[in-house]
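Structure file target.cif with mmCIF, C-alpha atoms and all ligand atoms:
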data_entry
#
loop_
_atom_site.label_atom_id
_atom_site.label_comp_id
_atom_site.auth_asym_id
_atom_site.auth_seq_id
_atom_site.Cartn_x
_atom_site.Cartn_y
_atom_site.Cartn_z
CA MET A 1 -18.01 -5.89 10.94
CA ALA A 2 -17.80 -8.60 13.62
CA LYS A 3 -14.30 -9.17 14.89
CA PRO A 4 -13.55 -12.83 14.28
CA PHE A 5 -10.60 -13.13 16.65
CA THR A 6 -9.80 -11.39 19.92
CA ILE A 7 -7.33 -11.98 22.70
CA ASP A 8 -6.83 -10.92 26.31
CA ARG A 9 -4.52 -8.03 25.40
CA ASP A 10 -3.58 -7.25 29.02
CA ARG A 11 -2.35 -10.78 29.58
CA SER A 12 -0.41 -10.76 26.29
CA THR A 13 1.09 -7.37 27.19
CA GLN A 14 2.30 -8.77 30.51
CA ARG A 15 3.86 -11.83 28.90
CA ILE A 16 5.58 -9.76 26.20
CA GLU A 17 6.80 -7.28 28.82
CA ASN A 18 8.18 -10.14 30.91
CA ASP A 19 10.00 -11.66 27.91
CA ILE A 20 11.50 -8.30 26.90
CA GLU A 21 12.65 -7.41 30.43
CA THR A 22 14.08 -10.89 31.01
CA LEU A 23 16.07 -10.70 27.78
CA ALA A 24 17.45 -7.31 28.84
CA GLY A 25 18.95 -8.91 31.96
CA PRO A 26 22.67 -9.53 32.64
CA ASP A 27 22.68 -13.09 31.24
CA PHE A 28 21.55 -11.83 27.85
CA THR A 29 23.79 -8.85 27.11
CA GLU A 30 27.55 -8.26 27.22
CA SER A 31 27.08 -4.68 28.39
CA ASP A 32 25.12 -3.26 31.31
CA GLU A 33 24.66 0.03 29.45
CA ALA A 34 23.15 -1.33 26.23
CA ILE A 35 21.89 -4.56 24.69
CA ARG A 36 24.94 -6.14 23.08
CA ARG A 37 24.60 -9.69 21.78
CA TYR A 38 25.63 -11.31 18.55
CA ALA A 39 26.05 -14.77 17.13
CA TYR A 40 28.05 -17.42 18.96
CA THR A 41 28.46 -15.45 22.20
CA PRO A 42 27.26 -16.94 25.52
CA GLN A 43 24.66 -14.16 25.78
CA TYR A 44 23.25 -15.03 22.36
CA GLU A 45 23.18 -18.73 23.24
CA ASN A 46 21.32 -17.89 26.49
CA THR A 47 18.77 -15.96 24.42
CA LEU A 48 18.18 -18.89 22.04
CA GLN A 49 17.84 -21.20 25.05
CA TYR A 50 15.25 -18.88 26.59
CA PHE A 51 13.15 -19.04 23.42
CA THR A 52 13.68 -22.80 23.24
CA ARG A 53 12.38 -23.30 26.80
CA GLU A 54 9.36 -21.04 26.27
CA LEU A 55 8.45 -22.72 22.97
CA GLU A 56 8.90 -26.25 24.32
CA LYS A 57 6.64 -25.32 27.24
CA ILE A 58 3.76 -24.84 24.80
CA GLY A 59 4.45 -28.01 22.83
CA PHE A 60 6.62 -26.73 19.98
CA SER A 61 9.61 -28.68 18.67
CA VAL A 62 12.70 -26.50 18.47
CA TRP A 63 15.84 -26.98 16.37
CA ARG A 64 18.53 -24.97 14.60
CA ASP A 65 19.73 -24.79 11.03
CA PRO A 66 23.38 -25.72 10.27
CA VAL A 67 24.68 -22.24 11.25
CA GLY A 68 22.49 -21.41 14.25
CA THR A 69 19.21 -19.86 13.06
CA LEU A 70 16.52 -21.07 15.49
CA ILE A 71 13.39 -22.74 14.14
CA ALA A 72 10.35 -23.99 16.07
CA SER A 73 7.11 -25.56 14.94
CA ASN A 74 3.94 -27.19 16.24
CA VAL A 75 3.84 -29.48 13.19
CA PRO A 76 6.56 -31.79 11.82
CA LYS A 77 9.50 -30.19 10.03
CA GLY A 78 8.71 -29.39 6.39
CA SER A 79 4.92 -29.76 6.64
CA PRO A 80 2.76 -26.76 5.72
CA ALA A 81 2.88 -23.97 8.31
CA PHE A 82 2.70 -20.16 8.47
CA GLY A 83 6.02 -18.51 9.32
CA ILE A 84 6.53 -15.77 11.92
CA GLY A 85 9.65 -14.32 13.52
CA SER A 86 12.51 -11.85 13.31
CA HIS A 87 16.02 -11.73 14.82
CA CYS A 88 17.31 -11.54 18.41
CA ASP A 89 20.89 -10.36 17.90
CA SER A 90 21.49 -6.66 18.56
CA ASN A 91 23.42 -3.71 17.34
CA ARG A 92 26.69 -3.29 19.31
CA ASN A 93 25.10 -0.44 21.26
CA GLY A 94 21.51 -1.62 20.90
CA GLY A 95 18.20 -1.45 22.71
CA LYS A 96 15.71 -3.99 24.02
CA TYR A 97 13.29 -3.95 21.11
CA ASP A 98 15.01 -4.07 17.70
CA GLY A 99 14.46 -7.61 16.42
CA THR A 100 13.87 -9.12 19.83
CA LEU A 101 10.37 -7.61 20.05
CA GLY A 102 9.55 -9.40 16.78
CA VAL A 103 10.67 -12.80 18.08
CA VAL A 104 8.93 -12.19 21.42
CA THR A 105 5.71 -11.19 19.62
CA ALA A 106 5.99 -14.29 17.41
CA LEU A 107 6.40 -16.37 20.60
CA GLU A 108 3.23 -14.72 21.95
CA VAL A 109 1.41 -15.58 18.69
CA CYS A 110 2.47 -19.21 19.22
CA ARG A 111 1.19 -19.15 22.82
CA LEU A 112 -2.14 -17.65 21.72
CA ALA A 113 -2.48 -20.18 18.90
CA GLN A 114 -1.93 -23.09 21.28
CA GLU A 115 -4.37 -21.64 23.83
CA SER A 116 -7.03 -21.05 21.17
CA GLY A 117 -7.65 -24.77 20.91
CA GLN A 118 -7.60 -24.42 17.12
CA HIS A 119 -5.13 -26.30 14.95
CA ILE A 120 -2.97 -23.48 13.59
CA PRO A 121 0.27 -24.79 12.02
CA LEU A 122 3.03 -22.29 12.77
CA ARG A 123 6.78 -22.05 12.29
CA LEU A 124 8.79 -19.53 14.27
CA ILE A 125 12.19 -18.48 12.91
CA SER A 126 14.75 -16.33 14.73
CA PHE A 127 17.39 -15.46 12.15
CA LEU A 128 21.07 -15.43 13.04
CA GLU A 129 23.02 -12.14 12.77
CA GLU A 130 20.62 -9.65 11.23
CA GLU A 131 22.47 -6.57 12.45
CA GLY A 132 25.92 -7.37 11.16
CA SER A 133 27.48 -6.69 14.59
CA GLY A 134 29.32 -10.00 14.85
CA PHE A 135 30.58 -10.41 11.28
CA GLY A 136 30.02 -7.04 9.61
CA GLN A 137 27.33 -8.35 7.24
CA MET A 138 23.66 -7.49 7.54
CA LEU A 139 20.88 -10.08 7.18
CA LEU A 140 23.48 -12.84 7.35
CA GLY A 141 21.31 -15.68 8.70
CA SER A 142 18.47 -15.02 6.25
CA ARG A 143 20.93 -14.57 3.35
CA ILE A 144 22.52 -17.92 4.23
CA MET A 145 19.11 -19.59 4.38
CA LEU A 146 18.03 -18.09 1.04
CA GLN A 147 21.44 -18.86 -0.51
CA ARG A 148 22.33 -15.22 -1.08
CA VAL A 149 25.96 -15.83 -0.05
CA THR A 150 28.75 -18.01 -1.42
CA GLU A 151 30.77 -20.62 0.45
CA GLU A 152 33.87 -18.64 -0.48
CA GLU A 153 32.49 -15.57 1.32
CA LEU A 154 31.61 -17.58 4.42
CA LYS A 155 35.13 -18.98 4.52
CA THR A 156 37.22 -15.95 3.60
CA THR A 157 35.57 -12.53 3.52
CA ILE A 158 32.89 -12.65 6.25
CA LEU A 159 34.99 -12.12 9.35
CA ALA A 160 34.64 -11.49 13.08
CA PRO A 161 36.46 -8.36 14.35
CA ASP A 162 39.43 -10.54 15.38
CA GLY A 163 39.75 -11.83 11.81
CA THR A 164 38.27 -15.30 12.43
CA SER A 165 36.13 -16.37 9.48
CA PHE A 166 32.40 -16.91 9.87
CA TRP A 167 33.05 -20.52 8.86
CA ASP A 168 35.56 -21.17 11.64
CA SER A 169 33.47 -19.26 14.18
CA ALA A 170 30.41 -21.40 13.37
CA LYS A 171 32.46 -24.57 13.71
CA ALA A 172 33.94 -23.43 17.03
CA ALA A 173 30.40 -22.83 18.29
CA GLY A 174 29.51 -26.44 17.45
CA TYR A 175 27.63 -25.83 14.18
CA GLU A 176 28.17 -27.48 10.79
CA PRO A 177 28.71 -24.69 8.25
CA GLU A 178 29.64 -27.30 5.61
CA HIS A 179 25.89 -28.04 5.50
CA TRP A 180 24.88 -24.37 5.13
CA GLN A 181 23.10 -24.96 1.82
CA GLU A 182 20.66 -27.31 3.57
CA SER A 183 19.33 -24.30 5.48
CA ILE A 184 17.00 -23.54 2.54
CA SER A 185 14.93 -26.59 3.53
CA GLU A 186 13.78 -24.62 6.60
CA ILE A 187 11.37 -22.66 4.39
CA ASP A 188 9.93 -25.83 2.79
CA GLY A 189 6.17 -25.85 3.27
CA LEU A 190 5.94 -22.22 4.46
CA THR A 191 2.56 -20.93 3.31
CA GLY A 192 3.37 -17.34 4.24
CA TRP A 193 5.58 -15.19 6.46
CA ILE A 194 4.96 -12.20 8.71
CA GLU A 195 7.67 -10.35 10.64
CA VAL A 196 6.79 -7.92 13.42
CA HIS A 197 9.41 -5.21 14.02
CA ILE A 198 9.69 -1.79 15.65
CA GLU A 199 9.31 0.90 13.00
CA GLN A 200 12.72 2.55 13.65
CA GLY A 201 11.20 5.82 12.42
CA ARG A 202 8.74 8.41 13.76
CA VAL A 203 5.89 8.12 11.25
CA LEU A 204 3.57 5.97 13.41
CA GLN A 205 4.18 8.02 16.55
CA ASP A 206 3.76 11.37 14.81
CA THR A 207 0.57 10.31 13.00
CA GLY A 208 -0.94 8.78 16.16
CA ASN A 209 -1.05 5.23 14.81
CA ARG A 210 -0.46 2.07 16.89
CA ILE A 211 0.22 -0.34 14.02
CA GLY A 212 1.86 -0.18 10.61
CA VAL A 213 0.96 -2.72 7.94
CA VAL A 214 3.97 -2.75 5.62
CA HIS A 215 3.24 -3.01 1.88
CA ALA A 216 6.82 -2.81 0.56
CA LEU A 217 10.44 -2.84 1.66
CA PRO A 218 12.67 -0.27 -0.03
CA GLY A 219 15.20 -0.72 -2.74
CA TYR A 220 18.36 1.29 -2.29
CA VAL A 221 21.51 2.53 -3.96
CA HIS A 222 24.74 3.16 -2.03
CA GLY A 223 27.63 4.90 -3.71
CA ASP A 224 30.19 7.70 -3.62
CA PHE A 225 30.78 10.87 -5.63
CA HIS A 226 34.50 11.61 -6.02
CA PHE A 227 35.42 15.19 -6.99
CA THR A 228 39.07 15.94 -7.79
CA GLY A 229 40.28 19.54 -7.97
CA ARG A 230 43.60 21.11 -6.97
CA ALA A 231 44.88 21.80 -3.47
CA ASP A 232 46.22 25.39 -3.41
CA HIS A 233 47.16 27.91 -0.77
CA ALA A 234 43.97 29.47 0.58
CA GLY A 235 45.53 32.92 0.86
CA ALA A 236 47.80 33.09 -2.16
CA THR A 237 45.31 31.68 -4.71
CA PRO A 238 42.79 34.27 -6.01
CA MET A 239 39.20 33.04 -6.39
CA ASP A 240 39.33 32.86 -10.19
CA PHE A 241 42.48 30.70 -10.13
CA ARG A 242 40.99 27.91 -8.05
CA VAL A 243 39.85 24.38 -8.86
CA ASP A 244 37.96 23.85 -5.59
CA ALA A 245 36.59 20.29 -5.33
CA VAL A 246 34.12 21.17 -2.56
CA ILE A 247 32.03 23.61 -4.63
CA PRO A 248 30.48 21.10 -7.09
CA ALA A 249 30.21 18.66 -4.16
CA ALA A 250 28.16 21.24 -2.24
CA GLU A 251 25.95 21.87 -5.28
CA THR A 252 25.43 18.12 -5.58
CA ILE A 253 24.44 17.77 -1.93
CA LEU A 254 21.78 20.48 -2.28
CA GLU A 255 20.53 18.91 -5.50
CA VAL A 256 20.09 15.52 -3.76
CA GLU A 257 17.72 17.18 -1.29
CA ARG A 258 15.86 19.05 -4.04
CA LEU A 259 15.53 15.96 -6.23
CA ALA A 260 14.31 13.70 -3.39
CA ASN A 261 11.59 16.25 -2.62
CA GLU A 262 10.70 16.72 -6.29
CA ILE A 263 10.54 13.00 -7.09
CA GLY A 264 8.63 12.27 -3.86
CA LYS A 265 6.88 8.90 -3.80
CA THR A 266 8.79 7.73 -0.67
CA THR A 267 12.15 8.75 -2.16
CA VAL A 268 14.83 9.72 0.35
CA GLY A 269 18.40 10.79 -0.31
CA THR A 270 21.18 11.20 2.27
CA THR A 271 24.71 12.53 1.82
CA SER A 272 26.22 11.63 5.15
CA GLU A 273 29.92 10.97 4.66
CA LEU A 274 31.95 14.00 3.58
CA GLU A 275 35.66 13.48 3.29
CA THR A 276 37.82 16.34 2.09
CA HIS A 277 41.55 16.36 1.39
CA PRO A 278 43.71 17.72 2.73
CA CYS A 279 41.05 19.04 5.14
CA LEU A 280 43.08 22.04 6.34
CA ILE A 281 41.60 25.46 7.03
CA ASN A 282 44.20 27.26 4.91
CA VAL A 283 44.21 24.97 1.86
CA VAL A 284 41.73 24.95 -1.04
CA PRO A 285 40.18 21.44 -0.99
CA GLY A 286 41.95 19.23 -3.51
CA SER A 287 39.50 16.36 -3.45
CA VAL A 288 36.29 15.36 -1.76
CA ARG A 289 34.24 12.21 -1.42
CA VAL A 290 30.50 12.44 -0.73
CA SER A 291 28.48 9.30 -0.01
CA LEU A 292 24.94 8.80 -1.28
CA ASP A 293 22.26 6.61 0.31
CA THR A 294 19.01 6.77 -1.63
CA ARG A 295 15.92 4.57 -1.13
CA SER A 296 12.31 4.26 -2.14
CA VAL A 297 9.60 1.67 -2.60
CA THR A 298 8.56 3.17 -5.95
CA GLY A 299 11.76 3.29 -8.00
CA GLY A 300 12.31 6.97 -7.19
CA HIS A 301 15.76 6.12 -5.81
CA VAL A 302 16.91 4.88 -9.22
CA GLU A 303 15.53 8.03 -10.85
CA LEU A 304 17.37 10.12 -8.24
CA ARG A 305 20.63 8.23 -8.80
CA ASP A 306 20.44 8.65 -12.57
CA HIS A 307 19.70 12.41 -12.33
CA ILE A 308 22.19 13.22 -9.62
CA VAL A 309 25.13 11.42 -11.23
CA GLN A 310 24.55 13.39 -14.45
CA TYR A 311 24.12 16.63 -12.49
CA ALA A 312 27.28 16.10 -10.43
CA LYS A 313 29.25 15.38 -13.60
CA GLU A 314 28.00 18.57 -15.25
CA ARG A 315 28.71 20.74 -12.18
CA ALA A 316 32.22 19.24 -11.87
CA GLU A 317 32.96 19.80 -15.58
CA ALA A 318 31.71 23.39 -15.41
CA ARG A 319 34.42 24.09 -12.82
CA GLY A 320 37.19 21.98 -14.33
CA VAL A 321 36.92 19.46 -11.51
CA GLY A 322 37.40 15.73 -12.16
CA PHE A 323 34.45 13.52 -11.33
CA GLU A 324 33.78 9.84 -10.76
CA TRP A 325 30.74 7.97 -9.41
CA VAL A 326 31.50 4.64 -7.72
CA GLU A 327 28.49 2.52 -6.83
CA ARG A 328 28.97 0.33 -3.76
CA GLN A 329 25.78 -1.71 -3.65
CA SER A 330 22.19 -1.63 -4.83
CA LEU A 331 19.20 -3.73 -3.92
CA PRO A 332 15.82 -3.96 -5.66
CA ILE A 333 12.48 -3.07 -4.02
CA THR A 334 10.77 -5.96 -2.21
CA PRO A 335 6.99 -5.73 -2.63
CA MET A 336 4.93 -7.53 0.03
CA ASN A 337 2.23 -10.04 -0.85
CA ASP A 338 -1.14 -8.33 -1.56
CA GLY A 339 -3.19 -11.12 0.03
CA ILE A 340 -1.27 -11.04 3.32
CA VAL A 341 -1.20 -7.24 3.41
CA GLU A 342 -4.98 -7.20 2.89
CA ALA A 343 -5.55 -9.83 5.61
CA LEU A 344 -3.46 -7.76 8.05
CA ARG A 345 -5.23 -4.56 7.03
CA ALA A 346 -8.66 -6.14 7.58
CA GLU A 347 -7.65 -7.46 11.02
CA ALA A 348 -6.14 -4.12 12.00
CA GLU A 349 -9.32 -2.32 10.91
CA ALA A 350 -11.49 -4.75 12.87
CA THR A 351 -9.65 -3.88 16.10
CA GLY A 352 -10.84 -0.27 15.79
CA GLU A 353 -7.34 0.91 16.69
CA PRO A 354 -5.55 3.51 14.52
CA PHE A 355 -3.23 1.94 11.95
CA LEU A 356 -1.42 2.91 8.77
CA VAL A 357 -0.56 0.98 5.60
CA MET A 358 3.01 2.12 4.98
CA PRO A 359 6.35 1.30 3.39
CA SER A 360 9.37 0.28 5.43
CA GLY A 361 12.38 2.57 5.47
CA ALA A 362 14.85 -0.03 6.68
CA ALA A 363 16.04 -3.43 5.46
CA HIS A 364 14.80 -6.60 7.19
CA ASP A 365 15.27 -10.39 7.04
CA THR A 366 11.86 -10.49 5.36
CA MET A 367 13.58 -9.15 2.19
CA CYS A 368 15.29 -12.52 1.83
CA VAL A 369 12.27 -14.64 2.80
CA ALA A 370 10.22 -12.78 0.17
CA ASP A 371 12.34 -14.44 -2.55
CA LYS A 372 10.41 -17.67 -2.08
CA VAL A 373 7.48 -17.10 0.28
CA PRO A 374 4.47 -14.68 0.25
CA THR A 375 5.39 -12.16 2.96
CA ALA A 376 4.37 -9.03 4.83
CA MET A 377 5.50 -7.09 7.89
CA VAL A 378 3.84 -5.35 10.81
CA PHE A 379 5.44 -2.34 12.52
CA VAL A 380 4.87 -1.17 16.05
CA PRO A 381 5.82 2.41 16.98
CA CYS A 382 9.02 3.18 18.85
CA VAL A 383 9.42 6.35 20.90
CA ASP A 384 10.76 9.25 18.78
CA GLY A 385 11.87 6.72 16.16
CA LEU A 386 14.97 5.93 18.22
CA SER A 387 16.65 2.62 17.38
CA HIS A 388 20.18 1.16 17.59
CA THR A 389 20.58 2.92 20.93
CA PRO A 390 19.91 1.90 24.54
CA LEU A 391 17.28 4.68 24.54
CA GLU A 392 15.12 2.57 22.21
CA ASP A 393 11.62 2.29 23.71
CA SER A 394 8.36 0.78 22.59
CA ASP A 395 4.96 0.11 24.19
CA THR A 396 4.38 -3.63 24.73
CA ARG A 397 0.61 -2.98 24.52
CA ASP A 398 1.17 -2.20 20.84
CA ALA A 399 3.08 -5.47 20.45
CA ALA A 400 0.15 -7.36 22.03
CA LEU A 401 -2.15 -5.65 19.54
CA ALA A 402 0.24 -6.73 16.76
CA ALA A 403 0.10 -10.34 18.04
CA GLU A 404 -3.71 -10.25 17.86
CA ILE A 405 -3.67 -8.83 14.32
CA VAL A 406 -1.04 -11.28 13.08
CA LEU A 407 -2.75 -14.36 14.48
CA GLY A 408 -6.13 -13.13 13.26
CA ALA A 409 -4.70 -12.65 9.75
CA ILE A 410 -3.11 -16.12 9.77
CA ILE A 411 -6.45 -17.68 10.82
CA ALA A 412 -8.26 -15.72 8.09
CA LEU A 413 -5.68 -16.75 5.47
CA ASN A 414 -5.95 -20.41 6.50
CA ALA A 415 -9.76 -20.34 6.35
ZN ZN A 501 16.04 -5.35 13.42
#
Starting from the file, give its structure as structure tokens.
Ligand SMILES: [Zn+2]
Amino acid sequence: MAKPFTIDRDRSTQRIENDIETLAGPDFTESDEAIRRYAYTPQYENTLQYFTRELEKIGFSVWRDPVGTLIASNVPKGSPAFGIGSHCDSNRNGGKYDGTLGVVTALEVCRLAQESGQHIPLRLISFLEEEGSGFGQMLLGSRIMLQRVTEEELKTTILAPDGTSFWDSAKAAGYEPEHWQESISEIDGLTGWIEVHIEQGRVLQDTGNRIGVVHALPGYVHGDFHFTGRADHAGATPMDFRVDAVIPAAETILEVERLANEIGKTTVGTTSELETHPCLINVVPGSVRVSLDTRSVTGGHVELRDHIVQYAKERAEARGVGFEWVERQSLPITPMNDGIVEALRAEAEATGEPFLVMPSGAAHDTMCVADKVPTAMVFVPCVDGLSHTPLEDSDTRDAALAAEIVLGAIIALNA
């Protein structure tokens, strides 16, 4: 099959490398040991200004939505265009690549489109506050744009660490949060959306693939098992007199692992937070809380939740232990658009480079965009799956390859 679209990958690699290294410099992070930047800080503003300058250089108009999400386009606002982008805020102890590599790769797609001499209408979006580092809420900019928040939350419950509301923080930074609902107009005319992101896992690296074409983003359930027994003296209470809350909790933890393996189909289950009371070596545990994080792109996580809650209840009852399941949050699976996934797959195949069609494990801004716009994502490998750490590392040659595949897919979809 003839490859319809190719780029000078070495040149793109150099430009992406230069963008990434520049944005890791002292003007763009609060810490010299990690990347640390979140909404409304000078370092975040410098980052948006860097993207603004680079996009204006190639003839894009650049503006912001009422709370600070950056938008750029080579056609007038609202007219049909294909959307690309990610986020450029970081985790509090973050690396150079999470989010930022997606915006940088989108910028490179814009450069390549302009240089191609073809008319390719594009819209780049860099969402505000994906990581939740500034205001404790993930996907905040994309949730605001897609109206997945309430004004009440923005004014009262979404807070900076010092207690200032998101609303007041946005105002202090010169934005107009009272117009937040108008942000939805920024997706008017979007014909599709592709986000490039580091994988944040080891699958691509360990299978020797350079690109992941993402076919679905996971649904998840977060909740807590609460087991209540009786705290007794660990020496004076014989084994058959005890109501030990940890025992059914331990059985439940093992069953989560067994069930996730049995259900399969991308299902994962994690019991990471274990809190026992009174947590003393010489006291039988009186109560214990065990958290559950379960995800899948097939519905396996719902099956796991239903089974494990019933199992935990039975194991608790068998030992005379009280039991309660408290669900914190759940989110449905976000399937990607078949047409865009297929266009990306065909472009990836035409490059001759190894790639994988795969689900995402993590949440992304694309989950919100997918409410209204046909979407897909492209992953590039990151070394040992490390992310949310200064050790995060990724090969910019893979990002250049991603830029080629994304632009090729957009051209094919527009044809
Ligand atoms: Zn990210």
Size and centre in Å, one decimal, axis-aligned box, all listed region 355-374 of chain A atoms plus 5 Å per side, as lines of an AutoDock Vina configuration file:
center_x = 6.4
center_y = -7.4
center_z = 4.7
size_x = 29.3
size_y = 30.6
size_z = 24.5
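With only C-alpha atoms and all ligand atoms as the atoms that count, the set of residues no farther than 8 Å from ligand ZN 501 (chain A) is Ser86, His87, Ser90, Asp98, Gly99, Thr100, Glu130, Glu131, His197, Ile198 and His364 of chain A.
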>> From the options A:Thr13, A:Trp193, A:Glu303, A:Ile71, which residue's atoms come nearest to Glu262 (chain A), counting all atoms listed in the file?
In response: A:Glu303
> Quick one: residues within 6 Å of region 23-28 of chain A, all atoms listed in the file counted, chain neighbours fewer than 2 positions away excluded, as a ChimeraX atom specification?
Replying inline: /A:20-21,43
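We find CA of Gly83 (chain A) and CA of Thr47 (chain A) to be spaced 19.9 Å apart.
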>> Given the point (29.3, -20.3, 15.7) in the coordinates of this file, which residues lie within 10 Å, counting only C-alpha atoms, and how would they look as a PyMOL selection string?
In response: chain A and resi 39-41+45+66-68+128+166-177
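Using all atoms listed in the file, the smallest distance between any of A:Arg15, A:Cys368, A:Gly59, A:Arg64 and Thr105 (chain A) comes from A:Arg15.
The spacing separating CA of Gly141 (chain A) from CA of Met336 (chain A) amounts to 20.2 Å.
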> To one decimal place, how far is CA of Glu349 (chain A) from CA of Asn18 (chain A) in Å?
Replying inline: 27.7 Å
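Between Phe51 (chain A) and the candidates A:Glu195, A:Glu108, A:Glu314, A:Glu347, the tightest atom-to-atom separation, counting only C-alpha atoms, involves A:Glu108.
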Show me a table, sorted first by chain and then by increasing residue number, of the residues of region 312-365 of chain A having an atom at most 8 Å from region 385-409 of chain A, each with its shortest atom pair and the distance in Å to one decimal, counting only C-alpha atoms and written as JSON lines.
{"residue": "A:Ile340", "atom": "CA", "partner": "A:Ala409", "partner_atom": "CA", "distance": 7.5}
{"residue": "A:Ala343", "atom": "CA", "partner": "A:Ala409", "partner_atom": "CA", "distance": 5.1}
{"residue": "A:Leu344", "atom": "CA", "partner": "A:Ala409", "partner_atom": "CA", "distance": 5.3}
{"residue": "A:Ala346", "atom": "CA", "partner": "A:Ala409", "partner_atom": "CA", "distance": 7.9}
{"residue": "A:Glu347", "atom": "CA", "partner": "A:Ile405", "partner_atom": "CA", "distance": 5.3}
{"residue": "A:Ala348", "atom": "CA", "partner": "A:Ile405", "partner_atom": "CA", "distance": 5.8}
{"residue": "A:Thr351", "atom": "CA", "partner": "A:Ile405", "partner_atom": "CA", "distance": 8.0}
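Look at Ser142 (chain A): the protein and nucleic acid residues within 9 Å of it, using all atoms listed in the file and passing over chain neighbours fewer than 5 places away, are Thr69, Phe127, Leu128, Glu129, Glu130, Gln147, Arg148, Asp365, Thr366, Met367, Cys368 and Val369 of chain A.
Shortest separation to Arg111 (chain A) among A:Asn46, A:Asn414, A:Arg305, A:Ile7 occurs at residue A:Ile7, atoms counted being all atoms listed in the file.
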